[in-house]
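Colleague: upload-v8.csv is the file, holding CSV, C-alpha atoms:
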chain,number,residue,atom,x,y,z
A,1366,MET,CA,-4.9,-77.7,70.8
A,1367,GLY,CA,-1.6,-76.0,70.0
A,1368,HIS,CA,-0.6,-72.4,70.4
A,1369,HIS,CA,-1.1,-71.7,66.7
A,1370,GLU,CA,-4.6,-73.1,66.7
A,1371,ARG,CA,-5.6,-71.1,69.8
A,1372,TRP,CA,-4.2,-67.9,68.3
A,1373,THR,CA,-6.0,-68.6,65.0
A,1374,GLU,CA,-9.3,-69.2,66.8
A,1375,ARG,CA,-8.9,-66.0,68.9
A,1376,LEU,CA,-8.1,-64.0,65.8
A,1377,SER,CA,-11.2,-65.5,64.0
A,1378,GLY,CA,-13.4,-64.5,67.0
A,1379,ILE,CA,-12.0,-60.9,66.9
A,1380,ILE,CA,-12.6,-60.6,63.2
A,1381,ALA,CA,-16.1,-62.0,63.6
A,1382,LEU,CA,-16.9,-59.5,66.4
A,1383,CYS,CA,-15.5,-56.6,64.4
A,1384,LEU,CA,-17.6,-57.7,61.4
A,1385,ALA,CA,-20.7,-57.9,63.5
A,1386,LEU,CA,-20.1,-54.5,65.1
A,1387,THR,CA,-19.5,-53.0,61.6
A,1388,ILE,CA,-22.8,-54.4,60.3
A,1389,LEU,CA,-24.6,-53.2,63.4
A,1390,PHE,CA,-23.0,-49.7,62.9
A,1391,PHE,CA,-24.2,-49.5,59.3
A,1392,GLY,CA,-27.6,-50.8,60.5
A,1393,LEU,CA,-27.8,-47.9,62.9
A,1394,LEU,CA,-26.8,-45.5,60.1
A,1395,ILE,CA,-29.6,-46.7,58.0
A,1396,PHE,CA,-32.2,-46.3,60.8
A,1397,SER,CA,-30.8,-43.0,62.1
A,1398,PRO,CA,-32.6,-40.7,59.6
A,1399,PHE,CA,-35.9,-42.2,61.0
A,1400,PHE,CA,-35.0,-41.8,64.6
A,1401,GLU,CA,-37.7,-39.1,65.3
A,1402,PRO,CA,-40.7,-40.9,63.6
A,1403,ILE,CA,-39.7,-44.2,65.3
A,1404,CYS,CA,-39.5,-42.5,68.7
A,1405,TRP,CA,-42.8,-40.6,68.2
A,1406,ALA,CA,-44.5,-43.8,67.1
A,1407,ILE,CA,-43.3,-45.7,70.2
A,1408,ILE,CA,-44.4,-42.9,72.5
A,1409,ILE,CA,-47.8,-42.7,70.9
A,1410,CYS,CA,-48.1,-46.5,70.9
A,1411,LEU,CA,-47.4,-46.6,74.7
A,1412,PHE,CA,-49.8,-43.8,75.3
A,1413,PHE,CA,-52.7,-45.3,73.4
A,1414,HIS,CA,-52.0,-49.0,73.9
A,1415,PRO,CA,-54.7,-49.4,76.6
A,1416,VAL,CA,-57.3,-48.0,74.1
A,1417,TYR,CA,-56.0,-50.3,71.4
A,1418,LYS,CA,-56.4,-53.3,73.7
A,1419,ARG,CA,-59.9,-52.4,74.5
A,1420,LEU,CA,-60.8,-51.8,70.8
A,1421,LEU,CA,-59.2,-55.2,70.0
A,1422,GLU,CA,-61.5,-56.9,72.4
A,1423,LEU,CA,-64.6,-55.2,70.9
A,1424,LEU,CA,-63.5,-56.2,67.4
A,1425,ARG,CA,-62.8,-59.8,68.5
A,1426,GLY,CA,-59.1,-59.8,67.8
A,1427,GLN,CA,-59.0,-58.1,64.4
A,1428,ARG,CA,-55.6,-56.5,64.8
A,1429,ALA,CA,-55.2,-54.8,61.5
A,1430,LEU,CA,-58.7,-53.2,61.7
A,1431,SER,CA,-58.1,-52.1,65.3
A,1432,SER,CA,-54.8,-50.6,64.4
A,1433,PHE,CA,-56.2,-48.7,61.4
A,1434,ILE,CA,-59.0,-47.2,63.4
A,1435,ILE,CA,-56.6,-46.1,66.2
A,1436,CYS,CA,-54.3,-44.5,63.6
A,1437,PHE,CA,-57.2,-42.7,62.0
A,1438,LEU,CA,-58.4,-41.3,65.3
A,1439,ILE,CA,-54.8,-40.2,66.1
A,1440,VAL,CA,-54.6,-38.3,62.8
A,1441,ALA,CA,-58.0,-36.7,63.3
A,1442,PHE,CA,-57.8,-35.8,67.0
A,1443,ILE,CA,-54.0,-35.5,67.7
A,1444,ILE,CA,-51.9,-34.8,64.6
A,1445,ILE,CA,-54.2,-32.3,62.8
A,1446,PRO,CA,-55.0,-30.4,66.0
A,1447,ILE,CA,-51.3,-30.2,66.9
A,1448,PHE,CA,-50.5,-28.9,63.5
A,1449,LEU,CA,-53.2,-26.3,63.8
A,1450,LEU,CA,-52.0,-25.4,67.3
A,1451,ILE,CA,-48.4,-24.9,66.0
A,1452,THR,CA,-49.8,-22.7,63.2
A,1453,SER,CA,-51.8,-20.6,65.7
A,1454,LEU,CA,-49.0,-20.4,68.2
A,1455,THR,CA,-46.6,-19.2,65.5
A,1456,ALA,CA,-49.0,-16.5,64.4
A,1457,GLU,CA,-49.6,-15.5,68.0
A,1458,VAL,CA,-45.9,-15.2,68.7
A,1459,PHE,CA,-45.4,-13.2,65.5
A,1460,ARG,CA,-48.2,-10.8,66.6
A,1461,LEU,CA,-46.7,-10.5,70.1
A,1462,TYR,CA,-43.2,-10.0,68.7
A,1463,SER,CA,-44.4,-7.3,66.3
A,1464,SER,CA,-46.4,-5.3,68.8
A,1465,GLY,CA,-44.5,-6.1,72.0
A,1466,VAL,CA,-41.6,-3.7,71.7
A,1467,VAL,CA,-44.0,-0.9,70.7
A,1468,SER,CA,-46.4,-1.6,73.6
A,1469,LEU,CA,-43.5,-1.7,76.1
A,1470,LYS,CA,-42.3,1.8,75.4
A,1471,GLY,CA,-44.5,3.1,78.3
A,1472,ILE,CA,-43.6,0.2,80.5
A,1473,ASN,CA,-42.5,2.4,83.4
A,1474,ILE,CA,-45.8,4.3,83.4
A,1475,ASP,CA,-47.8,1.1,83.4
A,1476,LEU,CA,-45.8,-0.8,86.0
A,1477,ILE,CA,-45.3,2.0,88.5
A,1478,PRO,CA,-48.5,3.0,90.4
A,1479,SER,CA,-49.5,6.7,90.3
A,1480,ALA,CA,-47.6,8.8,92.9
A,1481,GLU,CA,-50.8,10.9,93.4
A,1482,LYS,CA,-53.2,8.0,93.9
A,1483,TYR,CA,-50.9,5.5,95.6
A,1484,PRO,CA,-47.9,7.3,97.1
A,1485,ILE,CA,-46.8,4.5,99.4
A,1486,LEU,CA,-47.1,1.8,96.7
A,1487,ASN,CA,-45.4,4.1,94.3
A,1488,LYS,CA,-42.3,4.5,96.5
A,1489,LEU,CA,-42.3,0.8,97.4
A,1490,VAL,CA,-42.3,-0.3,93.7
A,1491,ILE,CA,-39.6,2.2,92.8
A,1492,LYS,CA,-37.4,1.0,95.6
A,1493,LEU,CA,-37.8,-2.6,94.5
A,1494,LEU,CA,-37.0,-1.7,90.9
A,1495,LYS,CA,-33.9,0.3,92.0
A,1496,ALA,CA,-32.8,-2.5,94.2
A,1497,PHE,CA,-32.7,-4.9,91.2
A,1498,LYS,CA,-31.3,-2.1,88.9
A,1499,LEU,CA,-34.4,-2.2,86.8
A,1500,TYR,CA,-35.7,1.3,87.3
A,1501,GLY,CA,-35.9,3.8,84.4
A,1502,SER,CA,-34.5,3.0,81.0
A,1503,ASP,CA,-32.9,-0.2,82.3
A,1504,LEU,CA,-36.3,-1.8,83.0
A,1505,GLN,CA,-37.6,-0.9,79.6
A,1506,THR,CA,-34.4,-2.2,77.9
A,1507,THR,CA,-34.4,-5.4,79.9
A,1508,ILE,CA,-38.0,-6.3,79.1
A,1509,GLU,CA,-37.7,-5.3,75.5
A,1510,GLY,CA,-34.6,-7.5,75.2
A,1511,LEU,CA,-36.3,-10.5,76.8
A,1512,THR,CA,-39.4,-10.0,74.6
A,1513,ARG,CA,-37.2,-9.7,71.5
A,1514,SER,CA,-35.2,-12.8,72.3
A,1515,ALA,CA,-38.3,-14.9,73.1
A,1516,GLY,CA,-40.0,-13.7,69.9
A,1517,GLU,CA,-37.0,-14.5,67.8
A,1518,PHE,CA,-36.7,-18.0,69.3
A,1519,PHE,CA,-40.3,-18.9,68.6
A,1520,LEU,CA,-40.3,-17.3,65.2
A,1521,LYS,CA,-37.2,-19.3,64.3
A,1522,GLN,CA,-38.8,-22.6,65.4
A,1523,GLY,CA,-42.1,-21.8,63.5
A,1524,THR,CA,-40.2,-20.8,60.4
A,1525,ALA,CA,-38.1,-24.0,60.4
A,1526,ILE,CA,-41.3,-26.0,60.7
A,1527,PHE,CA,-43.0,-24.4,57.7
A,1528,LYS,CA,-39.8,-24.4,55.6
A,1529,ASN,CA,-39.6,-28.1,56.1
A,1530,ILE,CA,-43.3,-28.9,55.6
A,1531,THR,CA,-42.6,-31.6,53.1
A,1532,VAL,CA,-40.1,-33.3,55.4
A,1533,LEU,CA,-42.6,-33.0,58.3
A,1534,LEU,CA,-45.4,-34.5,56.2
A,1535,PHE,CA,-43.1,-37.4,55.2
A,1536,LYS,CA,-42.1,-38.0,58.8
A,1537,SER,CA,-45.7,-37.9,59.9
A,1538,PHE,CA,-46.7,-40.5,57.2
A,1539,LEU,CA,-43.7,-42.7,58.2
A,1540,MET,CA,-44.6,-42.4,61.9
A,1541,LEU,CA,-48.2,-43.6,61.1
A,1542,VAL,CA,-46.8,-46.6,59.1
A,1543,ILE,CA,-44.5,-47.5,62.0
A,1544,LEU,CA,-47.4,-46.9,64.5
A,1545,PHE,CA,-49.7,-49.2,62.6
A,1546,TYR,CA,-47.2,-52.1,62.8
A,1547,LEU,CA,-46.4,-51.4,66.4
A,1548,PHE,CA,-50.0,-51.9,67.3
A,1549,THR,CA,-50.4,-55.0,65.2
A,1550,ASP,CA,-47.0,-56.7,66.0
A,1551,GLY,CA,-45.7,-54.7,68.9
A,1552,GLU,CA,-46.0,-57.6,71.3
A,1553,LYS,CA,-43.8,-59.8,69.0
A,1554,PHE,CA,-41.2,-57.0,68.8
A,1555,LEU,CA,-41.2,-56.8,72.6
A,1556,GLU,CA,-40.8,-60.6,73.0
A,1557,ALA,CA,-37.8,-60.5,70.6
A,1558,PHE,CA,-36.3,-57.6,72.6
A,1559,LYS,CA,-36.7,-59.5,75.8
A,1560,LYS,CA,-34.7,-62.5,74.4
A,1561,LEU,CA,-31.8,-60.2,73.6
A,1562,LEU,CA,-31.4,-58.9,77.2
A,1563,PRO,CA,-28.5,-60.6,79.0
A,1564,ILE,CA,-30.4,-61.1,82.3
A,1565,GLY,CA,-32.6,-63.8,83.7
A,1566,GLU,CA,-36.3,-64.2,82.9
A,1567,LYS,CA,-37.4,-63.0,86.3
A,1568,SER,CA,-35.2,-59.9,86.1
A,1569,ILE,CA,-36.6,-59.2,82.6
A,1570,GLU,CA,-40.1,-59.3,83.9
A,1571,ASN,CA,-39.2,-57.0,86.9
A,1572,PHE,CA,-37.5,-54.6,84.4
A,1573,MET,CA,-40.5,-54.5,82.1
A,1574,GLU,CA,-43.0,-54.1,85.0
A,1575,LEU,CA,-41.0,-51.2,86.6
A,1576,THR,CA,-40.5,-49.6,83.2
A,1577,THR,CA,-44.2,-49.7,82.4
A,1578,GLU,CA,-45.1,-48.2,85.8
A,1579,VAL,CA,-42.6,-45.3,85.5
A,1580,ILE,CA,-43.5,-44.6,81.9
A,1581,HIS,CA,-47.2,-44.6,82.7
A,1582,ALA,CA,-46.6,-42.3,85.6
A,1583,THR,CA,-44.7,-40.0,83.3
A,1584,LEU,CA,-47.0,-40.1,80.4
A,1585,TYR,CA,-50.4,-40.3,82.0
A,1586,GLY,CA,-49.8,-38.5,85.3
A,1587,ASN,CA,-47.4,-35.7,84.5
A,1588,ILE,CA,-47.8,-34.9,80.8
A,1589,LEU,CA,-51.6,-35.1,80.9
A,1590,ALA,CA,-51.8,-33.0,84.0
A,1591,ALA,CA,-49.5,-30.4,82.3
A,1592,ALA,CA,-51.7,-30.4,79.2
A,1593,ILE,CA,-54.8,-29.8,81.3
A,1594,GLN,CA,-53.1,-27.0,83.2
A,1595,ALA,CA,-52.0,-25.5,79.9
A,1596,GLY,CA,-55.6,-25.6,78.7
A,1597,LEU,CA,-56.9,-23.9,81.9
A,1598,GLY,CA,-54.2,-21.3,81.5
A,1599,VAL,CA,-55.2,-20.5,77.9
A,1600,PHE,CA,-58.8,-20.3,79.0
A,1601,ILE,CA,-58.3,-17.8,81.9
A,1602,PHE,CA,-55.9,-15.7,79.8
A,1603,TRP,CA,-58.4,-15.6,77.0
A,1604,VAL,CA,-61.3,-14.7,79.3
A,1605,LEU,CA,-59.3,-11.9,80.9
A,1606,ASP,CA,-58.3,-10.7,77.4
A,1607,LEU,CA,-54.6,-10.8,78.1
A,1608,THR,CA,-51.9,-10.7,75.5
A,1609,ALA,CA,-51.0,-14.0,73.7
A,1610,PRO,CA,-53.2,-16.4,75.8
A,1611,LEU,CA,-52.2,-19.4,73.8
A,1612,LEU,CA,-48.4,-18.8,74.2
A,1613,TRP,CA,-48.6,-18.1,77.9
A,1614,GLY,CA,-51.0,-20.9,78.5
A,1615,ILE,CA,-48.5,-23.4,77.0
A,1616,ILE,CA,-45.6,-21.9,78.9
A,1617,LEU,CA,-47.8,-22.3,82.1
A,1618,GLY,CA,-48.3,-26.0,81.3
A,1619,LEU,CA,-44.6,-26.5,80.9
A,1620,GLY,CA,-44.0,-24.6,84.1
A,1621,THR,CA,-45.7,-27.5,86.0
A,1622,PHE,CA,-42.4,-29.4,85.7
A,1623,VAL,CA,-40.4,-26.7,87.4
A,1624,PRO,CA,-39.7,-27.9,91.0
A,1625,MET,CA,-41.2,-26.0,93.9
A,1626,ILE,CA,-42.4,-23.1,91.7
A,1627,GLY,CA,-44.6,-25.0,89.2
A,1628,THR,CA,-47.3,-23.1,87.3
A,1629,ALA,CA,-46.8,-20.0,89.5
A,1630,ILE,CA,-43.8,-19.2,87.3
A,1631,VAL,CA,-46.4,-17.7,84.9
A,1632,TRP,CA,-49.6,-16.8,86.8
A,1633,GLY,CA,-47.6,-15.3,89.7
A,1634,PRO,CA,-45.8,-12.5,87.7
A,1635,ALA,CA,-48.9,-12.0,85.5
A,1636,SER,CA,-51.0,-11.3,88.6
A,1637,ILE,CA,-48.4,-8.9,90.0
A,1638,LEU,CA,-48.2,-7.1,86.6
A,1639,LEU,CA,-52.0,-6.7,86.4
A,1640,PHE,CA,-52.1,-5.4,90.0
A,1641,LEU,CA,-49.3,-2.9,89.4
A,1642,SER,CA,-50.9,-1.7,86.1
A,1643,GLY,CA,-54.1,-0.9,88.0
A,1644,GLN,CA,-56.2,-3.8,86.7
A,1645,TYR,CA,-57.1,-5.0,90.2
A,1646,LEU,CA,-60.2,-7.1,89.2
A,1647,LYS,CA,-58.3,-9.0,86.6
A,1648,ALA,CA,-55.4,-9.6,89.0
A,1649,ALA,CA,-57.8,-10.9,91.6
A,1650,ILE,CA,-59.6,-13.2,89.2
A,1651,LEU,CA,-56.4,-14.6,87.8
A,1652,LEU,CA,-54.9,-15.2,91.2
A,1653,THR,CA,-58.1,-16.8,92.6
A,1654,PHE,CA,-58.5,-19.1,89.5
A,1655,SER,CA,-54.9,-20.1,89.5
A,1656,LEU,CA,-54.9,-21.0,93.2
A,1657,LEU,CA,-58.2,-22.7,93.3
A,1658,VAL,CA,-58.3,-24.4,89.9
A,1659,ILE,CA,-55.0,-24.6,88.1
A,1660,SER,CA,-52.8,-25.4,91.1
A,1661,GLN,CA,-55.3,-28.0,92.4
A,1662,VAL,CA,-54.7,-30.2,89.4
A,1663,ASP,CA,-51.4,-31.3,91.0
A,1664,TYR,CA,-53.1,-32.4,94.2
A,1665,PHE,CA,-56.4,-33.9,93.0
A,1666,LEU,CA,-56.2,-34.9,89.3
A,1667,ARG,CA,-52.6,-35.9,88.9
A,1668,PRO,CA,-52.8,-38.9,91.3
A,1669,TYR,CA,-55.8,-40.3,89.4
A,1670,LEU,CA,-54.0,-40.0,86.1
A,1671,ILE,CA,-50.9,-41.8,87.3
A,1672,SER,CA,-50.9,-45.5,86.2
A,1673,GLY,CA,-48.4,-47.4,88.3
A,1674,LYS,CA,-46.9,-47.5,91.7
A,1675,THR,CA,-43.6,-45.7,90.8
A,1676,GLU,CA,-43.9,-41.9,90.4
A,1677,MET,CA,-40.9,-39.9,89.1
A,1678,HIS,CA,-39.7,-37.1,91.3
A,1679,ASN,CA,-40.4,-33.6,89.9
A,1680,LEU,CA,-36.7,-32.7,90.0
A,1681,LEU,CA,-35.9,-35.7,87.8
A,1682,LEU,CA,-38.7,-34.7,85.5
A,1683,PHE,CA,-37.5,-31.2,85.3
A,1684,LEU,CA,-33.9,-32.2,84.5
A,1685,GLY,CA,-35.1,-34.9,82.1
A,1686,ILE,CA,-37.1,-32.4,80.1
A,1687,LEU,CA,-34.4,-29.8,80.0
A,1688,GLY,CA,-31.7,-32.3,79.1
A,1689,GLY,CA,-34.0,-34.1,76.6
A,1690,ILE,CA,-34.8,-30.9,74.8
A,1691,ASN,CA,-31.1,-30.1,74.6
A,1692,VAL,CA,-30.2,-33.5,73.2
A,1693,PHE,CA,-33.3,-34.4,71.1
A,1694,GLY,CA,-35.0,-31.0,70.4
A,1695,LEU,CA,-38.8,-31.0,70.7
A,1696,LEU,CA,-38.8,-34.8,70.9
A,1697,GLY,CA,-36.9,-34.5,74.2
A,1698,LEU,CA,-39.9,-33.0,75.9
A,1699,ILE,CA,-41.3,-36.5,76.2
A,1700,LEU,CA,-38.3,-38.7,75.4
A,1701,GLY,CA,-36.1,-37.1,78.1
A,1702,PRO,CA,-38.4,-38.2,81.0
A,1703,ILE,CA,-38.8,-41.6,79.4
A,1704,VAL,CA,-35.0,-42.2,79.2
A,1705,ILE,CA,-34.8,-41.1,82.9
A,1706,ALA,CA,-37.6,-43.6,83.6
A,1707,LEU,CA,-35.6,-46.4,81.9
A,1708,CYS,CA,-32.6,-45.5,84.0
A,1709,ILE,CA,-34.7,-45.7,87.2
A,1710,SER,CA,-36.0,-49.1,86.1
A,1711,ILE,CA,-32.5,-50.4,85.5
A,1712,LEU,CA,-31.4,-49.2,88.9
A,1713,GLU,CA,-34.4,-50.8,90.6
A,1714,VAL,CA,-33.7,-54.1,88.9
A,1715,TYR,CA,-30.1,-53.9,90.0
A,1716,LYS,CA,-31.2,-53.1,93.6
A,1717,ARG,CA,-33.8,-56.0,93.7
A,1718,ASN,CA,-31.9,-58.7,91.9
A,1719,LEU,CA,-28.2,-58.0,92.6
A,1720,LEU,CA,-28.4,-56.4,96.0
A,1721,ASN,CA,-31.5,-58.2,97.1
A,1722,ARG,CA,-33.0,-55.1,98.6
A,1723,LYS,CA,-36.6,-53.8,98.2
Can I see the file as structure tokens?
Modeller:
Amino acid sequence: MGHHERWTERLSGIIALCLALTILFFGLLIFSPFFEPICWAIIICLFFHPVYKRLLELLRGQRALSSFIICFLIVAFIIIPIFLLITSLTAEVFRLYSSGVVSLKGINIDLIPSAEKYPILNKLVIKLLKAFKLYGSDLQTTIEGLTRSAGEFFLKQGTAIFKNITVLLFKSFLMLVILFYLFTDGEKFLEAFKKLLPIGEKSIENFMELTTEVIHATLYGNILAAAIQAGLGVFIFWVLDLTAPLLWGIILGLGTFVPMIGTAIVWGPASILLFLSGQYLKAAILLTFSLLVISQVDYFLRPYLISGKTEMHNLLLFLGILGGINVFGLLGLILGPIVIALCISILEVYKRNLLNRK
């Protein structure tokens, strides 16, 4: 083969590669508007796949019927309750935002114990507040500013959701259609994906096994535990008749991903505020319930929820959630840890197959 023929063949290969990359690029552009519903469908499919498999056995392999039943149950018990939860949460944030600044006008009086009844405690609290430069008007201004900022953030999110209700309904419908086909043909899609990976069959199986373990640990262990803790938080805040129990319960659930501090990021300050405002019984009940019930979920319930041998470290979860929310928005709450889980799986496969280390 002459120089001219080799050059022509090389040029043809470059043109073919550029053409293929261009086609793939436009393919990604076509699918990019549906990124969110596709991701939510994949996440929900992973979460409910064991239930689908069980239902498929009961219905003797009728995939379409099993998929339809699962999708119907997801709409009835997941999508509709979540929409109602968002509505309720938005209303609660609006109420808190509307009344928060007014109720905080006497914050110094409520937070600082009476000098006549509790002289020692009064001096101690004042010293602490002065040490952090939060005594007097500064304290009130700081808390009012934080309340205003938090309220404006949640109101903005809630308003955006309701302004785009038509888009949200369309994406939900699209997600259900994708979810239906993921249940019926998901295994075929997975096999096709495996054939595209440029690694050996054994490495592919190791990658899939590790990915399944880490994702299950993330979904079943950590997210379910956080949801349970959020529910317990809403319950105890409602029982104690505290302000915005739904909002603070959800924040408490998210707090479980914060390394070292965990759910104490909410119930700790809440107990202190109740104590400083003279509501000693409520403070004692909240502190006791949080220590004996909410915090114990991490030690007793979470291990039973984790499906798989590989558990993601809390620090990676925390960073994955924060980074995921920053990149993907609300979807990043779940997608962030899953992406980190995939990274861990890739590193594990590299360690086992290329470095031959366990």
Colleague: Hey, what's within 10 Å of A:Gly1688 if we count all atoms listed in the file and toss same-chain stuff fewer than 3 positions away? As a VMD selection string, please?
Modeller: chain A and resid 1682 to 1685 1691 to 1694 1697 to 1698 1700 to 1702
Colleague: Smallest atom-to-atom distance to A:Phe1412: which of A:Leu1584, A:Leu1680, A:Ile1650, A:Leu1430, using all atoms listed in the file?
Modeller: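 Of the candidates, the smallest distance to A:Phe1412 is held by A:Leu1584.
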Colleague: Extract, using all atoms listed in the file, all DNA, RNA and protein residues at most 10 Å from A:Ile1403, discarding same-chain residues fewer than 6 positions from it, and format them as a VMD selection string.
Modeller: chain A and resid 1396 to 1397 1409 1536 1539 to 1544 1547
Colleague: What does the structure give for the distance between atom CA of A:Thr1628 and atom CA of A:Thr1452, in Å to one decimal?
Modeller: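 Those two atoms sit 24.2 Å apart.
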Colleague: Would you compute the distance between atom CA of A:Glu1578 and atom CA of A:Lys1560? Give it in Å to one decimal.
Modeller: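 Atom CA of A:Lys1560 lies 21.0 Å from atom CA of A:Glu1578.
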Colleague: Tell me, in Å to one decimal, how far atom CA of A:Leu1384 is from atom CA of A:Ile1569.
Modeller: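 Between atom CA of A:Leu1384 and atom CA of A:Ile1569 the gap is 28.5 Å.
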Colleague: Which of these residues is nearest to A:Asn1679, using only C-alpha atoms: A:Cys1708, A:Ile1626, A:Ala1648, A:Val1662?
Modeller: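 Nearest to A:Asn1679: A:Ile1626.
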Colleague: Under the rule that only C-alpha atoms are counted, which of A:Leu1420, A:Val1623, A:Ile1703, A:Ile1388 is the nearest residue to A:Ile1434?
Modeller: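 Counting only C-alpha atoms, the residue closest to A:Ile1434 is A:Leu1420.
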Colleague: Name all residues at most 7 Å from A:Thr1576 (count only C-alpha atoms; drop same-chain ones fewer than 3 positions away) and give them as a PyMOL selection string.
Modeller: chain A and resi 1572-1573+1579-1580+1706-1707+1710
Colleague: Of the candidates A:Ala1590, A:Leu1696, A:Asn1571, A:Gln1644, which shows the shortest atom-to-atom distance to A:Phe1665, using all atoms listed in the file?
Modeller: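 For A:Phe1665, the nearest of the given residues is A:Ala1590.
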Colleague: Which of these residues is nearest to A:Leu1534, using all atoms listed in the file: A:Ile1445, A:Ile1659, A:Ala1429, A:Ile1379?
Modeller: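 Checking each candidate against A:Leu1534, we get A:Ile1445 as the closest.
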Colleague: Choose the residue, out of A:Leu1670, A:Cys1436, A:Ile1705, A:Val1490, that has the smallest atom-to-atom separation from A:Leu1687; count all atoms listed in the file.
Modeller: A:Ile1705
Colleague: Excluding same-chain residues fewer than 5 positions from A:Val1631, what lies within 8 Å of it counting only C-alpha atoms, as an NGL selection string?
Modeller: :A and (1613 or 1616-1617 or 1620)
